[in-house]
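Right, one structure below, let's go through it.
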Amino acid sequence: MTNPPPPAPPTPELMAEYEQKAESAYSQMYDAQPWDEKDLKDDALFYLARAIEVATALGLDEDEARLRARVDNIMGVYNSQFRGNWR
């Protein structure tokens, strides 16, 4: 059995990649079937958590705060527009 590759070192580019993946998952929520919306929200939050980890490791306090605010925003939108939404 082989070991998985080591995680990529934290870089601003990696943070941006995670953030882009999070935004992609978030935008897909609007066109998703109701049963997929929570999974896409969870994907967005997962990638934002990874981006926050990178920002923290790099000491990018402003980016970390911005990303944490985005987590709060996505949760608020999900709770108000998607939770229990069986169109």
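Chain lettering (A, B, ...) mirrors the order of the structure tokens, residue numbering begins at 1 for each chain separately, and ligand numbering begins at 1 in order of display.
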Find the spatial neighbours of range 25-34 of chain A, counting only C-alpha atoms, within a cut-off of 12 Å - ignore same-chain residues fewer than 2 positions away - and output them as a PyMOL selection string.
-> chain A and resi 18-23+36-48+70-71+73-75+77-78+81-87
Name the residues in contact with Pro10 in chain A at a cut-off of 10 Å, using only C-alpha atoms, excluding same-chain residues fewer than 3 positions from it; report them as a list in words.
->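 That gives Pro7, Glu13, Leu14, Met15, Arg50, Ala51, Glu53, Val54, Ala55, Thr56, Ala57 and Leu58 of chain A.
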Those same residues, written as a short mmCIF file (atom, residue, chain, number, x, y, z; two decimals), in the first residue's frame with C-alpha atoms?
```
data_model
loop_
_atom_site.label_atom_id
_atom_site.label_comp_id
_atom_site.auth_asym_id
_atom_site.auth_seq_id
_atom_site.Cartn_x
_atom_site.Cartn_y
_atom_site.Cartn_z
CA PRO A 7 -0.14 18.06 1.25
CA GLU A 13 -2.02 30.46 -5.11
CA LEU A 14 -3.24 27.41 -3.19
CA MET A 15 -5.47 29.65 -1.07
CA ARG A 50 -8.85 24.75 3.55
CA ALA A 51 -8.33 28.32 2.28
CA GLU A 53 -5.94 27.08 6.96
CA VAL A 54 -3.60 28.32 4.21
CA ALA A 55 -4.24 31.97 5.07
CA THR A 56 -3.54 31.24 8.73
CA ALA A 57 -0.32 29.36 7.90
CA LEU A 58 0.85 32.29 5.76
#
```
Work out how far apart CA of Ala16 in chain A and CA of Asp63 in chain A are and give it in Å to one decimal.
-> 10.2 Å
In Å, how far is it from CA of Ser24 in chain A to CA of Glu62 in chain A?
->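 One can read the CA of Ser24 in chain A to CA of Glu62 in chain A distance as 21.9 Å.
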DSSP says helix (DSSP H, G or I) for which residues of chain A? Put them as a PDB file with C-alpha atoms, in the first residue's frame?
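The resulting file, result_23.pdb, is shown below:
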```
ATOM      1  CA  PRO A  12      -1.281  32.339  -1.885  1.00  0.00           C
ATOM      2  CA  GLU A  13      -2.017  30.457  -5.113  1.00  0.00           C
ATOM      3  CA  LEU A  14      -3.240  27.412  -3.187  1.00  0.00           C
ATOM      4  CA  MET A  15      -5.469  29.646  -1.066  1.00  0.00           C
ATOM      5  CA  ALA A  16      -6.920  31.199  -4.236  1.00  0.00           C
ATOM      6  CA  GLU A  17      -7.483  27.746  -5.752  1.00  0.00           C
ATOM      7  CA  TYR A  18      -9.429  26.607  -2.689  1.00  0.00           C
ATOM      8  CA  GLU A  19     -11.418  29.820  -2.675  1.00  0.00           C
ATOM      9  CA  GLN A  20     -12.285  29.411  -6.370  1.00  0.00           C
ATOM     10  CA  LYS A  21     -13.466  25.836  -5.732  1.00  0.00           C
ATOM     11  CA  ALA A  22     -15.605  27.085  -2.850  1.00  0.00           C
ATOM     12  CA  GLU A  23     -17.199  29.791  -4.985  1.00  0.00           C
ATOM     13  CA  SER A  24     -17.849  27.299  -7.764  1.00  0.00           C
ATOM     14  CA  ALA A  25     -19.659  24.943  -5.383  1.00  0.00           C
ATOM     15  CA  TYR A  26     -21.621  27.870  -3.953  1.00  0.00           C
ATOM     16  CA  SER A  27     -22.750  29.101  -7.355  1.00  0.00           C
ATOM     17  CA  GLN A  28     -23.850  25.588  -8.319  1.00  0.00           C
ATOM     18  CA  MET A  29     -26.281  25.587  -5.380  1.00  0.00           C
ATOM     19  CA  PRO A  34     -32.924  20.375  -3.795  1.00  0.00           C
ATOM     20  CA  TRP A  35     -31.311  17.141  -2.635  1.00  0.00           C
ATOM     21  CA  ASP A  36     -27.888  18.348  -3.858  1.00  0.00           C
ATOM     22  CA  GLU A  37     -27.943  21.810  -2.291  1.00  0.00           C
ATOM     23  CA  LYS A  38     -26.636  20.746   1.138  1.00  0.00           C
ATOM     24  CA  ASP A  39     -23.779  18.765  -0.395  1.00  0.00           C
ATOM     25  CA  LEU A  40     -22.734  21.770  -2.454  1.00  0.00           C
ATOM     26  CA  LYS A  41     -22.928  24.020   0.614  1.00  0.00           C
ATOM     27  CA  ASP A  42     -20.769  21.500   2.470  1.00  0.00           C
ATOM     28  CA  ASP A  43     -18.281  21.454  -0.428  1.00  0.00           C
ATOM     29  CA  ALA A  44     -18.085  25.255  -0.396  1.00  0.00           C
ATOM     30  CA  LEU A  45     -17.483  25.296   3.359  1.00  0.00           C
ATOM     31  CA  PHE A  46     -14.866  22.530   3.079  1.00  0.00           C
ATOM     32  CA  TYR A  47     -12.858  24.470   0.505  1.00  0.00           C
ATOM     33  CA  LEU A  48     -13.192  27.690   2.472  1.00  0.00           C
ATOM     34  CA  ALA A  49     -11.886  25.870   5.555  1.00  0.00           C
ATOM     35  CA  ARG A  50      -8.846  24.750   3.549  1.00  0.00           C
ATOM     36  CA  ALA A  51      -8.335  28.319   2.284  1.00  0.00           C
ATOM     37  CA  ILE A  52      -8.565  29.610   5.861  1.00  0.00           C
ATOM     38  CA  GLU A  53      -5.942  27.076   6.957  1.00  0.00           C
ATOM     39  CA  VAL A  54      -3.598  28.320   4.210  1.00  0.00           C
ATOM     40  CA  ALA A  55      -4.243  31.969   5.069  1.00  0.00           C
ATOM     41  CA  THR A  56      -3.535  31.240   8.734  1.00  0.00           C
ATOM     42  CA  ALA A  57      -0.321  29.365   7.895  1.00  0.00           C
ATOM     43  CA  LEU A  58       0.849  32.286   5.763  1.00  0.00           C
ATOM     44  CA  ASP A  61      -4.883  37.942   8.664  1.00  0.00           C
ATOM     45  CA  GLU A  62      -7.014  40.073   6.337  1.00  0.00           C
ATOM     46  CA  ASP A  63      -7.609  37.162   3.969  1.00  0.00           C
ATOM     47  CA  GLU A  64      -8.412  34.890   6.896  1.00  0.00           C
ATOM     48  CA  ALA A  65     -10.987  37.377   8.203  1.00  0.00           C
ATOM     49  CA  ARG A  66     -12.483  37.818   4.721  1.00  0.00           C
ATOM     50  CA  LEU A  67     -12.767  34.050   4.240  1.00  0.00           C
ATOM     51  CA  ARG A  68     -14.357  33.572   7.669  1.00  0.00           C
ATOM     52  CA  ALA A  69     -16.899  36.268   6.793  1.00  0.00           C
ATOM     53  CA  ARG A  70     -17.636  34.404   3.564  1.00  0.00           C
ATOM     54  CA  VAL A  71     -18.329  31.226   5.569  1.00  0.00           C
ATOM     55  CA  ASP A  72     -20.835  33.171   7.670  1.00  0.00           C
ATOM     56  CA  ASN A  73     -22.398  34.636   4.523  1.00  0.00           C
ATOM     57  CA  ILE A  74     -22.798  31.251   2.828  1.00  0.00           C
ATOM     58  CA  MET A  75     -24.339  29.758   5.967  1.00  0.00           C
ATOM     59  CA  GLY A  76     -26.770  32.663   6.194  1.00  0.00           C
ATOM     60  CA  VAL A  77     -27.787  32.344   2.547  1.00  0.00           C
ATOM     61  CA  TYR A  78     -28.171  28.583   2.840  1.00  0.00           C
ATOM     62  CA  ASN A  79     -30.280  28.864   5.983  1.00  0.00           C
ATOM     63  CA  SER A  80     -32.541  31.548   4.542  1.00  0.00           C
ATOM     64  CA  GLN A  81     -32.878  30.384   0.936  1.00  0.00           C
ATOM     65  CA  PHE A  82     -32.168  26.662   0.748  1.00  0.00           C
TER      66      PHE A  82
END
```
